[in-house]
Each structure stands twice: as C-alpha cells, then as structure tokens.
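Enquirer: Below is a structure I'd like to ask you about.
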Amino acid sequence: MLDRKMLREQMDFVITEARRKGVEVPSEEFLAVDGEYRSIKPNLDELRQGMNTKSKAIGALMGQGKKEEAELAKAETGDLKQKIQDLETRERELEAKIIELELQFPNLPHESVPEGKTEADNVVVREWGTKPEFAFEPKPHWELGESLKMLDFPAGSKISGSGFPLYTGIGARFQRALISFMIDFQTQERGYTEVYPPYLVNAESLIGTGNLPKFEEDLYKTQDNLYLIPTAEVPVTNIHRDEILDVWQLPIQYAAYSACFRREAGAAGKDTRGLLRIHQFDKVELVKFCLPENSYDEHEKMLEDAEHVLQALGLHYRVLLLCAGDMGEKGCKCYDLEVWSPGVGRYLEISSVTNFEAYQSRRAKVRFKREAGGPTEFVHILNGSGLATPRLFAALLETYQQSDGSVTIPEPLQSYIGTDLISPT
RNA sequence: GGAGAGGUCGCAUAGUGGUCUAGUGCGCCGCACUCGAAAUGCGGUGUAUCGCAAGGUACCGAGGGUUCGAAUCCCUCCCUCUCCGCCA
C-alpha cells in the first residue's frame with residue numbers, strides 16, 4: 001500500500017513509477033471514488049453531530065421527567081435518521097472500494113533501481129569465487145541425488161504428485177543439516193532472533209505482506225479458509241501486525257525456518273527438473289523491521305547475511321540488482337543471489353533480498369513512535385532468503401562432486417552431517 | 001467437538017439503555033515543591049479519519065441489527081480461560 005496522500009496529490013508520479021514496473025494502476029477510479037468519499041464525509045459527520053446533539057437533548061428531557069417534550073423531539077428525528085443511514089451505506093461502500101483499489105497499487109521502485117522490463121535487464125553487481133573446473137563432465141544434482149540415494153523423486157510423485165521430492169537417508173540428514181547450519185549462523189553470528197512460525201495463516205496476514213488479493217492463485221488454500229504459507233515471510237512479518245513499536249526496539253530481526261508451499265500454477269516447463277522448482281521446499285527466511293532512515297543500510301547488511309552462507313560453503317555465486325520490470329509488485333529494491341550450478345550449467349536464483357520500505361507496514365499496520373506522545377510512523381520492513389535449501393542442496397552436490405560419483409562435504413557442514421564424504425553404496 | 005465464563009483507553013479494574021465526549025488505580029510525560037531525589041500536589045496522556053484551521057466523526061474483540069440514543073439489548077463470527085471428550 002502507498003500513502004493515500006501521495007495517491008491524491010502525486011498521482012502522475014505514481015503512474016509513471018508504476019509503469020517502470022510495467023503496471024497500470026487504477027488511478028482514475030481511485031481519484032473518483034476517493035473524491036466522492038471526501039465530498040460525503042463532512043456532510044455525514046455534520047449530520048451525525050446534529051443527531052448526537054438531539055439524542056442528548058432527549059436524554060436530558062427524559063432525565064427531568066418531561067416525557068411529552070421528549071416524545072415530541074423524538075418525532076423530529078426520523079428524517080435526519082434516514083439521511084444518515086443512506087449516507088452511511090454509501091460511505092461504507094466507498095471505504096471498501098478505496099481499500100480494494102489501494103491494495104492494487106504496486107510498490108514504487110527506488111531511484112537506485114535500474115530501468116528494464118525483463119530479467120535480461122538485471123544488473124550483475126558482483127561475483128564471488130569462480131566457476132569450479134572439472135576434469136570430467138559434471139552431473140546434475142538429480143542424477144547425483146538418486147545415485148547417492150539422497151533423493152527419491154518417483155516415491156515423492158507417488159505420495160503427493162510431481163514437485164514433491166522425497167529426501168532419503170543421508171539426503172534427509174543433509175537437508176536437516178543445511179537448515180540447522182543456516183539458522184545457527186544467522187542467530188549466532190548475525191544477530192537474528194530465531195522464530196518458528198505457523199504454516200497455516202489467515203487471509204489478513206497474506207494481505208499484510210501483499211500476497212493477497214492479487215496472487216491468490218499461487219497459494220494452497222484449505223477448507224478452513226487458511227492458506228499454506230508460500231514463505232515464512234508471511235507469518236513472521238505479521239508478528240507485529242497492528243502494533244505500535246517503541247523506537248528502542250528497532251531494528252527487530254528474525255530468522256525463521258519453515259517449509260514453504262507454492263502452487264506455481266502454470267509454471268511447468270522451464271527449470272522443473274530435480275529440485276529446481278518444487279511445490280514444497282525449505283527455507284530460512286530473514287525479516288527485519290527498522291527505522292525508515294536506516295532501511296537501505298539494513299538492506300545491504302541483509303544481503304551480506306545471505307551471501308555469507310554461500311561464502312562459508314565455498315559456492316560460486318553472483319549478486320543481481322533487479323531492474324524495475326523484473327522485481328515484482330511488492331518491493332522498492334531487490335537483490336537476487338544466484339548460485340552457480342555446474343551440473344545444470346546455469347546460475348540458479350537462491351535468494352531474494354528486498355526492501356519494501358513502508359509498503360507492507362502500511363498494509364499490516366506496523367508502526368512505531370520515536371517518543372511518547374509523538375506521531376506514529378510506519379517502520380520499514382525487509383526480508384530475504386537466507387537461504388532456500390533445494391537449490392543450495394543442488395549446488396553443493398554439483399559443486400563438490402568427484403569423478404567417482406562421491407560428494408565431499410564442506411567443512412562447516414561436516415559436524416552437522418556427521419561425515420566429510422558421501423559415497424555411492 | 002461439548003458445557004460454562006470472559007474479551008473495556010499501555011497494564012489492572014469500574015461500568016447492564018441517556019450526565020460514559022468511558023470512571024478509578026498504576027505506568028508514562030510536563031509543571032510545582034527540592035541542592036538533588038523520593039514522596040506529594042496540579043495538568044496532560046489512545047487509534048483512525050475528514051478539515052488550511054477551529055473543530056468534527058468513528059472506534060469498549062470483529063461484523064451486522066434493534067433504538068431518538070448501545071460498552072450496556074439481539075444475531076453471527078473470532079479469540080482467551082476452566083472443565084469434559086479426542087489426540088501426537
């Protein structure tokens with residue numbers, strides 16, 4: 001959500017900036033509905049004031065035992081009451097419509113975000129490490145995973161359908177190790193507080209983060225009108241929904257492991273092999289609530305938090321600054337981390353680190369006060385993956401594969417997995 | 001899932017149709033007293049929305065309804081607590 005004042009006073013600017021993202025906003029409808037609302041509101045409030053005064057007078061008369069005069073006064077209110085009811089009905093409709101329209105406006109891109117329409121226009125900010133060299137043809141992770149008995153895709157398909165891999169034996173342990181390693185790192189080294197959120201959330205929470213109303217088709221919905229979370233971002237961002245935080249609490253930073261569920265409707269085709277695009281996956285998510293003036297510094301720091309995981313594991317990656325057209329509706333500025341996948345021969349998106357500024361905090365009403373009695377302001381909210389496990393799993397197997405089909409384990413993971421080498425049995 | 005109790009201004013409580021534009025205590029802010037502090041006294045202390053402002057309006061879990069008038073009555077829903085049932 002954007003500032004309503006900005007929509008009123010700088011709609012041309014909003015239209016232009018939204019177009020950088022390739023989004024057309026319902027500007028005229030908003031201005032029309034909002035205009036009518038504002039023309040009605042003063043009238044209605046005045047009528048209500050009149051009614052309040054009259055009712056109070058009736059109450060006073062009743063109190064004095066002047067029943068007949070009170071009855072007389074009552075009789076005079078009918079017309080006024082009808083007018084108020086009509087206007088109230090209209091006001092309610094308009095308010096609902098305004099909110100509905102407001103929710104359709106995308107967040108506006110930050111000035112540092114490059115122009116562009118597609119992923120081809122994203123800017124490579126930096127690369128870390130180099131592509132590993134192999135004296136043999138590196139295999140993709142789905143082959144390694146199956147030959148090492150870490151992954152069983154047919155079993156997953158049988159149980160649930162395609163896009164639901166079964167991790168087996170050392171593969172399951174490997175997965176669990178990645179999660180523990182990342183959570184421990186972010187909480188012990190980078191100052192995050194660990195939280196473990198519910199996996200089913202209500203619609204309000206999804207509106208708060210911006211997943212509803214526009215992206216409902218991406219979500220799994222239950223018969224109880226709860227949704228499976230597409231990322232821990234949703235429950236974690238909503239921890240402070242409808243709250244006014246004290247300034248000394250900021251920044252608040254959470255690291256949360258959760259499973260993530262995505263329908264990815266119509267996404268079949270590209271990137272679907274192995275673990276590249278699945279309906280259920282695991283992720284450690286980072287979420288920060290901070291002061292507006294600090295959010296871009298915090299954004300850079302969060303990017304480093306995510307990068308450190310890849311560095312510790314010795315994986316080659318690059319950092320992309322997404323162009324306006326490719327960054328999605330919700331963000332102001334977004335970096336993607338792409339890890340090199342030798343078996344697939346491509347960079348794989350493994351993390352998105354986004355500054356939402358006040359877009360989510362306005363929706364979720366996460367505010368703060370700088371001092372007691374002062375005005376409320378919206379916090380800035382950021383989140384980033386730190387990281388998603390499937391592609392990390394894939395990159396690790398592919399990067400550390402040996403000619404004999406075994407895979408070495410980078411040092412930081414060895415204590416978690418309990419070995420430094422996984423060999424075919 | 002069943003039965004009962006309850007959700008009021010940061011916290012605790014009062015309030016069962018009209019002096020409730022919600023009282024009181026605690027907390028917090030300001031002022032006074034003080035060398036300073038405590039104690040005490042006085043004043044203030046929510047959110048949202050409309051308005052240039054003055055000032056309105058709405059909000060007592062949420063949403064409807066009855067009424068000239070609702071924290072208070074009615075309906076639906078949500079949540080919390082107690083007991084029972086079921087269950088990792």
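Ordering of the structure tokens sets the chain letters (A, B, ...); residue numbers start at 1 within each chain; ligands are numbered from 1 in the order shown.
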Identify every residue of chain A that has at least one atom within 6 Å of any atom of chain B, counting only C-alpha atoms (C1' of nucleotides), and report the result as a PyMOL selection string.

Expert: chain A and resi 45+55+59+74

Enquirer: Residues at most 8 Å from A:Leu166, counting only C-alpha atoms (C1' of nucleotides), excluding those fewer than 6 positions away in the same chain, as a list in words?

Expert: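 Counting only the stated atoms, we get Leu151, Asp152, Phe153, Ala155 and Gly156 of chain A.
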
Enquirer: Would you save the residues from that selection as a CSV table (one decimal), in the first residue's frame, using N, CA and C atoms?

Expert:
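Result file is again.csv:
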```
chain,number,residue,atom,x,y,z
A,151,LEU,N,17.9,-38.7,-2.8
A,151,LEU,CA,16.6,-38.2,-3.3
A,151,LEU,C,15.9,-39.4,-4.0
A,152,ASP,N,14.5,-39.4,-3.8
A,152,ASP,CA,13.7,-40.4,-4.5
A,152,ASP,C,12.5,-39.7,-5.1
A,153,PHE,N,12.7,-39.2,-6.4
A,153,PHE,CA,11.6,-38.5,-7.0
A,153,PHE,C,10.4,-39.3,-7.3
A,155,ALA,N,9.1,-41.8,-5.7
A,155,ALA,CA,8.4,-42.0,-4.4
A,155,ALA,C,7.6,-40.7,-4.1
A,156,GLY,N,8.2,-39.6,-4.2
A,156,GLY,CA,7.6,-38.3,-3.9
A,156,GLY,C,6.4,-38.1,-4.8
```

Enquirer: Do a neighbour search on A:Arg367 at 8 Å with only C-alpha atoms (C1' of nucleotides), toss out local chain neighbours closer than 2 positions, and write the hits as number ranges by chain.

Expert: A: 242-245, 361, 365, 369, 376-379

Enquirer: Give me a file of those residues, with N, CA and C atoms, as a PDB file, in the first residue's frame.

Expert:
```pdb
ATOM      1  N   ASP A 242      -0.624  -4.680  13.381  1.00  0.00           N
ATOM      2  CA  ASP A 242      -1.488  -3.901  14.272  1.00  0.00           C
ATOM      3  C   ASP A 242      -0.793  -3.530  15.578  1.00  0.00           C
ATOM      4  N   GLU A 243       0.508  -3.301  15.485  1.00  0.00           N
ATOM      5  CA  GLU A 243       1.213  -2.898  16.701  1.00  0.00           C
ATOM      6  C   GLU A 243       1.903  -1.557  16.496  1.00  0.00           C
ATOM      7  N   ILE A 244       2.108  -0.875  17.615  1.00  0.00           N
ATOM      8  CA  ILE A 244       2.923   0.333  17.606  1.00  0.00           C
ATOM      9  C   ILE A 244       4.143   0.031  18.454  1.00  0.00           C
ATOM     10  N   LEU A 245       5.283  -0.058  17.806  1.00  0.00           N
ATOM     11  CA  LEU A 245       6.505  -0.458  18.493  1.00  0.00           C
ATOM     12  C   LEU A 245       7.182   0.763  19.100  1.00  0.00           C
ATOM     13  N   SER A 361       4.292  -2.444   5.828  1.00  0.00           N
ATOM     14  CA  SER A 361       3.920  -1.954   7.159  1.00  0.00           C
ATOM     15  C   SER A 361       2.619  -1.159   7.110  1.00  0.00           C
ATOM     16  N   LYS A 365      -0.104  -2.502   9.187  1.00  0.00           N
ATOM     17  CA  LYS A 365      -0.167  -1.538  10.296  1.00  0.00           C
ATOM     18  C   LYS A 365       0.899  -1.814  11.351  1.00  0.00           C
ATOM     19  N   LYS A 369       6.744   4.713  17.375  1.00  0.00           N
ATOM     20  CA  LYS A 369       6.794   6.097  17.852  1.00  0.00           C
ATOM     21  C   LYS A 369       8.224   6.406  18.231  1.00  0.00           C
ATOM     22  N   THR A 376       2.761   8.625  15.092  1.00  0.00           N
ATOM     23  CA  THR A 376       3.118   7.267  14.686  1.00  0.00           C
ATOM     24  C   THR A 376       3.659   7.314  13.266  1.00  0.00           C
ATOM     25  N   GLU A 377       4.681   6.502  13.031  1.00  0.00           N
ATOM     26  CA  GLU A 377       5.239   6.372  11.689  1.00  0.00           C
ATOM     27  C   GLU A 377       5.262   4.893  11.335  1.00  0.00           C
ATOM     28  N   PHE A 378       5.362   4.612  10.055  1.00  0.00           N
ATOM     29  CA  PHE A 378       5.452   3.225   9.629  1.00  0.00           C
ATOM     30  C   PHE A 378       6.910   2.769   9.638  1.00  0.00           C
ATOM     31  N   VAL A 379       7.158   1.583  10.165  1.00  0.00           N
ATOM     32  CA  VAL A 379       8.508   1.028  10.097  1.00  0.00           C
ATOM     33  C   VAL A 379       8.782   0.617   8.655  1.00  0.00           C
TER      34      VAL A 379
END
```

Enquirer: Determine which residues of stretch 95-222 of chain A receive a DSSP assignment of alpha helix (DSSP H), computed from the backbone, and state them as a PyMOL selection string.

Expert: chain A and resi 95-102+141-147+153-159+170-188+203-209

Enquirer: Only N, CA and C atoms, please: the residues just picked out, written as a compact mmCIF listing (two decimals), in the first residue's frame.

Expert:
```
# COMPACT_ATOMS: atom_id res chain seq x y z
N GLU A 95 -15.63 3.36 1.25
CA GLU A 95 -14.44 2.99 2.03
C GLU A 95 -13.90 1.64 1.58
N ALA A 96 -14.83 0.69 1.41
CA ALA A 96 -14.41 -0.64 0.97
C ALA A 96 -13.75 -0.58 -0.39
N LYS A 97 -14.32 0.24 -1.26
CA LYS A 97 -13.80 0.36 -2.61
C LYS A 97 -12.41 1.01 -2.61
N ILE A 98 -12.26 2.02 -1.78
CA ILE A 98 -10.96 2.70 -1.69
C ILE A 98 -9.88 1.72 -1.28
N ILE A 99 -10.17 0.93 -0.26
CA ILE A 99 -9.18 -0.04 0.21
C ILE A 99 -8.89 -1.08 -0.87
N GLU A 100 -9.96 -1.53 -1.51
CA GLU A 100 -9.78 -2.51 -2.59
C GLU A 100 -8.84 -1.95 -3.67
N LEU A 101 -9.05 -0.68 -4.00
CA LEU A 101 -8.21 -0.06 -5.04
C LEU A 101 -6.79 0.17 -4.54
N GLU A 102 -6.68 0.64 -3.32
CA GLU A 102 -5.34 0.90 -2.76
C GLU A 102 -4.47 -0.36 -2.79
N HIS A 141 22.31 -32.48 -10.24
CA HIS A 141 22.03 -32.97 -8.89
C HIS A 141 21.00 -34.08 -8.86
N TRP A 142 20.08 -34.09 -9.84
CA TRP A 142 19.07 -35.16 -9.77
C TRP A 142 19.68 -36.52 -10.03
N GLU A 143 20.74 -36.53 -10.85
CA GLU A 143 21.44 -37.82 -11.05
C GLU A 143 22.27 -38.18 -9.84
N LEU A 144 23.01 -37.21 -9.33
CA LEU A 144 23.82 -37.46 -8.14
C LEU A 144 22.94 -37.87 -6.96
N GLY A 145 21.86 -37.14 -6.78
CA GLY A 145 20.97 -37.39 -5.64
C GLY A 145 20.39 -38.79 -5.68
N GLU A 146 20.04 -39.24 -6.88
CA GLU A 146 19.44 -40.57 -6.96
C GLU A 146 20.50 -41.65 -6.81
N SER A 147 21.68 -41.44 -7.44
CA SER A 147 22.71 -42.48 -7.35
C SER A 147 23.29 -42.58 -5.94
N PHE A 153 12.66 -39.25 -6.35
CA PHE A 153 11.60 -38.47 -7.00
C PHE A 153 10.36 -39.31 -7.29
N PRO A 154 10.52 -40.55 -7.79
CA PRO A 154 9.31 -41.35 -8.06
C PRO A 154 8.46 -41.56 -6.81
N ALA A 155 9.14 -41.78 -5.67
CA ALA A 155 8.37 -42.00 -4.44
C ALA A 155 7.59 -40.74 -4.08
N GLY A 156 8.24 -39.59 -4.20
CA GLY A 156 7.56 -38.33 -3.90
C GLY A 156 6.35 -38.13 -4.79
N SER A 157 6.52 -38.45 -6.07
CA SER A 157 5.40 -38.31 -7.01
C SER A 157 4.26 -39.24 -6.65
N LYS A 158 4.62 -40.44 -6.23
CA LYS A 158 3.58 -41.40 -5.85
C LYS A 158 2.80 -40.90 -4.64
N ILE A 159 3.51 -40.37 -3.69
CA ILE A 159 2.88 -39.93 -2.44
C ILE A 159 2.00 -38.70 -2.67
N ILE A 170 20.85 -40.22 3.92
CA ILE A 170 21.80 -39.13 4.10
C ILE A 170 21.29 -37.84 3.44
N GLY A 171 20.42 -38.01 2.45
CA GLY A 171 19.82 -36.83 1.81
C GLY A 171 18.92 -36.07 2.77
N ALA A 172 18.14 -36.82 3.54
CA ALA A 172 17.26 -36.19 4.52
C ALA A 172 18.10 -35.50 5.59
N ARG A 173 19.16 -36.19 6.00
CA ARG A 173 20.02 -35.61 7.03
C ARG A 173 20.74 -34.37 6.50
N PHE A 174 21.14 -34.44 5.24
CA PHE A 174 21.81 -33.32 4.59
C PHE A 174 20.91 -32.08 4.61
N GLN A 175 19.68 -32.31 4.27
CA GLN A 175 18.68 -31.24 4.26
C GLN A 175 18.54 -30.61 5.64
N ARG A 176 18.42 -31.46 6.63
CA ARG A 176 18.27 -31.00 8.01
C ARG A 176 19.52 -30.26 8.45
N ALA A 177 20.67 -30.73 7.99
CA ALA A 177 21.93 -30.08 8.36
C ALA A 177 22.00 -28.67 7.79
N LEU A 178 21.56 -28.51 6.57
CA LEU A 178 21.59 -27.18 5.96
C LEU A 178 20.76 -26.20 6.76
N ILE A 179 19.58 -26.65 7.16
CA ILE A 179 18.68 -25.78 7.91
C ILE A 179 19.34 -25.38 9.23
N SER A 180 19.87 -26.37 9.95
CA SER A 180 20.48 -26.08 11.25
C SER A 180 21.68 -25.16 11.09
N PHE A 181 22.49 -25.45 10.10
CA PHE A 181 23.68 -24.62 9.88
C PHE A 181 23.28 -23.16 9.63
N MET A 182 22.30 -22.96 8.78
CA MET A 182 21.92 -21.59 8.42
C MET A 182 21.27 -20.85 9.58
N ILE A 183 20.39 -21.55 10.29
CA ILE A 183 19.74 -20.92 11.45
C ILE A 183 20.79 -20.57 12.51
N ASP A 184 21.68 -21.51 12.78
CA ASP A 184 22.71 -21.25 13.79
C ASP A 184 23.56 -20.06 13.37
N PHE A 185 23.91 -20.02 12.12
CA PHE A 185 24.76 -18.93 11.63
C PHE A 185 24.07 -17.58 11.80
N GLN A 186 22.85 -17.48 11.33
CA GLN A 186 22.16 -16.18 11.36
C GLN A 186 21.86 -15.74 12.79
N THR A 187 21.58 -16.69 13.68
CA THR A 187 21.26 -16.30 15.05
C THR A 187 22.53 -16.06 15.87
N GLN A 188 23.56 -16.84 15.64
CA GLN A 188 24.75 -16.71 16.47
C GLN A 188 25.73 -15.65 15.95
N ALA A 203 -6.25 -14.91 5.90
CA ALA A 203 -6.17 -14.00 4.76
C ALA A 203 -5.58 -12.65 5.15
N GLU A 204 -5.88 -12.22 6.35
CA GLU A 204 -5.37 -10.92 6.80
C GLU A 204 -3.85 -10.87 6.76
N SER A 205 -3.23 -11.94 7.18
CA SER A 205 -1.77 -11.98 7.18
C SER A 205 -1.23 -11.88 5.76
N LEU A 206 -1.91 -12.54 4.84
CA LEU A 206 -1.45 -12.53 3.45
C LEU A 206 -1.68 -11.18 2.79
N ILE A 207 -2.72 -10.49 3.22
CA ILE A 207 -2.92 -9.13 2.74
C ILE A 207 -1.81 -8.24 3.28
N GLY A 208 -1.43 -8.49 4.52
CA GLY A 208 -0.38 -7.70 5.15
C GLY A 208 0.93 -7.73 4.39
N THR A 209 1.28 -8.88 3.87
CA THR A 209 2.55 -8.99 3.13
C THR A 209 2.39 -8.66 1.66
```

Enquirer: B:G25: which residues within 12 Å, counting only C-alpha atoms (C1' of nucleotides), same-chain residues fewer than 3 positions away excluded, as a ChimeraX atom specification?

Expert: /B:11-14

Enquirer: Just want the 12 Å neighbourhood of B:U66, counted on only C-alpha atoms (C1' of nucleotides), with same-chain residues fewer than 4 positions away dropped. Output as a PyMOL selection string.

Expert: chain B and resi 17+70+73-75

Enquirer: Quote the spacing between atom CA of A:Asp12 and atom CA of A:Asn107 in Å to one decimal place.

Expert: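 Rounded to one decimal, the two atoms are 14.7 Å apart.
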